[in-house]
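Peer 1: Just passing along the structure, written as structure tokens.
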Amino acid sequence: MSSPSLKAVIFDIGGVVVRSPFIAIAEYERAHGIPENYLNCSIVARGRHGAWQKFERGELSLLPFYEAFSKDLSDTVNGNVWYADYCRKKNIVCPKLADRLEVNGRDLFGAMMRTAGEYDSHILEAIHRIRAAGKHKIIALTNNFSKTATDGPLPKEELEFLGWEKEAATTEHMRSLFDDFCDSSVLGMRKPEPEFYLLACERNNIKPSEAIFLDDIRMNLKTAKELGMETIHVPIGGSLQAVRTLQTRIGIDLTGQGSIESKL
């Protein structure tokens with residue numbers, strides 16, 4: 001059943017509009033014999049003071065981030081405690097954990113960025129169809145990275161390593177898909193901080209109750225729902241079902257035959 005009060009569709013980027021960087025984290029863990037979801041537990045448990053979180057707020061540039069990210073993820077003193085707690089909460093057996101880890105933050109981040117460089121075809125088609133219908137604002141709300149260098153431009157080799165254009169993780173084509181692009185590293189706040197969601201609404205003259213938000217992380221959706229937004233979870237491999245749910249909420253065919261993009 002559609003919601004006629006909705007005026008905007010808000011999309012997360014990584015894991016929704018493009019492939020999930022969590023795929024690369026899982027691959028890195030398997031390749032280095034690290035338990036499943038160990039690294040993500042360490043990233044999340046650091047809270048707002050972690051290297052990842054600081055980078056997404058634009059408080060760290062790229063090269064210092066590499067060093068800080070490596071240090072955070074190699075910290076088994078805290079990491080093992082956080083992972084054991086995660087296993088208890090999930091009611092799973094915690095494997096024997098290593099006393100030492102040497103995680104290369106640059107290698108991991110590079111793999112994450114290269115993985116996230118590919119659009120999700122179902123979401124991209126949905127965005128084009130929403131644009132063609134002309135009934136809703138299309139907004140990006142993303143924990144992103146824009147401050148990449150402090151002393152001159154990044155070397156071409158580093159950009160190629162990351163799969164980036166120029167000096168940003170976000171291409172001009174990506175930004176052109178949206179009426180507004182709310183970037184954590186530019187605005188100095190990130191999901192799941194409520195202020196970030198509210199600022200996106202304020203910038204676009206809408207109330208939270210007039211927006212529907214798609215994200216792959218349930219913690220981010222929880223905040224949106226508490227603020228009054230409608231929400232849709234987009235799990236890895238579940239984008240088509242998410243789009244089908246979205247089309248029922250906004251009353252627009254987003255999955256019909258033929259691509260809208262080629263007609264625009």
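Labeling convention for the structure tokens: chains A, B, ... as they appear, residues from 1 per chain, ligands from 1 in order of appearance.
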Can you list, as a PyMOL selection string, every residue of range 30-169 of chain A that DSSP puts in alpha helix (DSSP H)?

Peer 2: chain A and resi 30-31+38-45+51-56+62-73+76-90+105-115+121-133+156-162

Peer 1: Write out as a list in words which residues come within 8 Å of Phe213 in chain A when counting only C-alpha atoms, dropping same-chain ones fewer than 5 positions away.

Peer 2: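 In the requested format, the answer is Val9, Ile10, Phe11, Asp12, Leu221, Ala224, Met229, Glu230, Thr231 and Ile232 of chain A.
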
Peer 1: If we count only C-alpha atoms, what is near range 50-57 of chain A at a cut-off of 8 Å, once residues fewer than 4 positions away on the same chain are taken out, given as a list in words?

Peer 2: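 Listed by chain and then number, they are Ile43, Arg46, Ser61, Leu62, Phe65, Ala68, Phe69, Asp72, Asn143, Asn144, Phe145, Ser184, Ser185, Val186, Leu187, Gly188, Met189 and Arg190 of chain A.
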
Peer 1: With only C-alpha atoms as the atoms that count, which of A:Ala132, A:Leu60, A:Leu159, A:Leu214 lies nearest to Gly238 in chain A?

Peer 2: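 Closest residue, counting only C-alpha atoms: A:Leu214.
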
Peer 1: Check the smallest atom-to-atom distance from each of A:Glu157, A:Lys137, A:Arg88, A:Ala8 to Pro208 in chain A using only C-alpha atoms, then report the winner.

Peer 2: A:Ala8

Peer 1: Just how far from CA of Ile217 in chain A is CA of Lys89 in chain A, in Å to one decimal?

Peer 2: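 Atom-to-atom, CA of Lys89 in chain A and CA of Ile217 in chain A are spaced 17.4 Å apart.
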
Peer 1: Quick one, how far is CA of Gly14 in chain A from CA of Asp215 in chain A?

Peer 2: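 Interatomic distance here is 8.6 Å.
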
Peer 1: One decimal, in Å: what's the spacing between CA of Asn91 in chain A and CA of Ala26 in chain A?

Peer 2: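 Computing it gives 20.1 Å between the two atoms.
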
Peer 1: Using only C-alpha atoms, find the one residue out of A:Lys222, A:His173, A:His32, A:Arg249 that sits nearest to Glu210 in chain A.

Peer 2: A:Arg249

Peer 1: Residues near range 112-115 of chain A, anyone? I mean within 6 Å using only C-alpha atoms, not counting same-chain ones fewer than 4 positions away, as a PyMOL selection string.

Peer 2: chain A and resi 21+24+162-163

Peer 1: What's the 12 Å shell around Gly33 in chain A, counting only C-alpha atoms, without same-chain residues fewer than 3 positions away, as a list in words?

Peer 2: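 Here the answer would be Ala26, Glu27, Tyr28, Glu29, Arg30, Glu36, Asn37, Tyr38, Leu39, Pro95, Lys96, Leu97, Ala98, Leu101, Glu102 and Val103 of chain A.
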
Peer 1: From the set A:Trp164, A:Phe109, A:Phe178, A:Tyr83, which residue has the shortest atom-to-atom contact distance to His128 in chain A, counting only C-alpha atoms?

Peer 2: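 Between A:Trp164, A:Phe109, A:Phe178, A:Tyr83, the residue approaching His128 in chain A most closely is A:Phe178.
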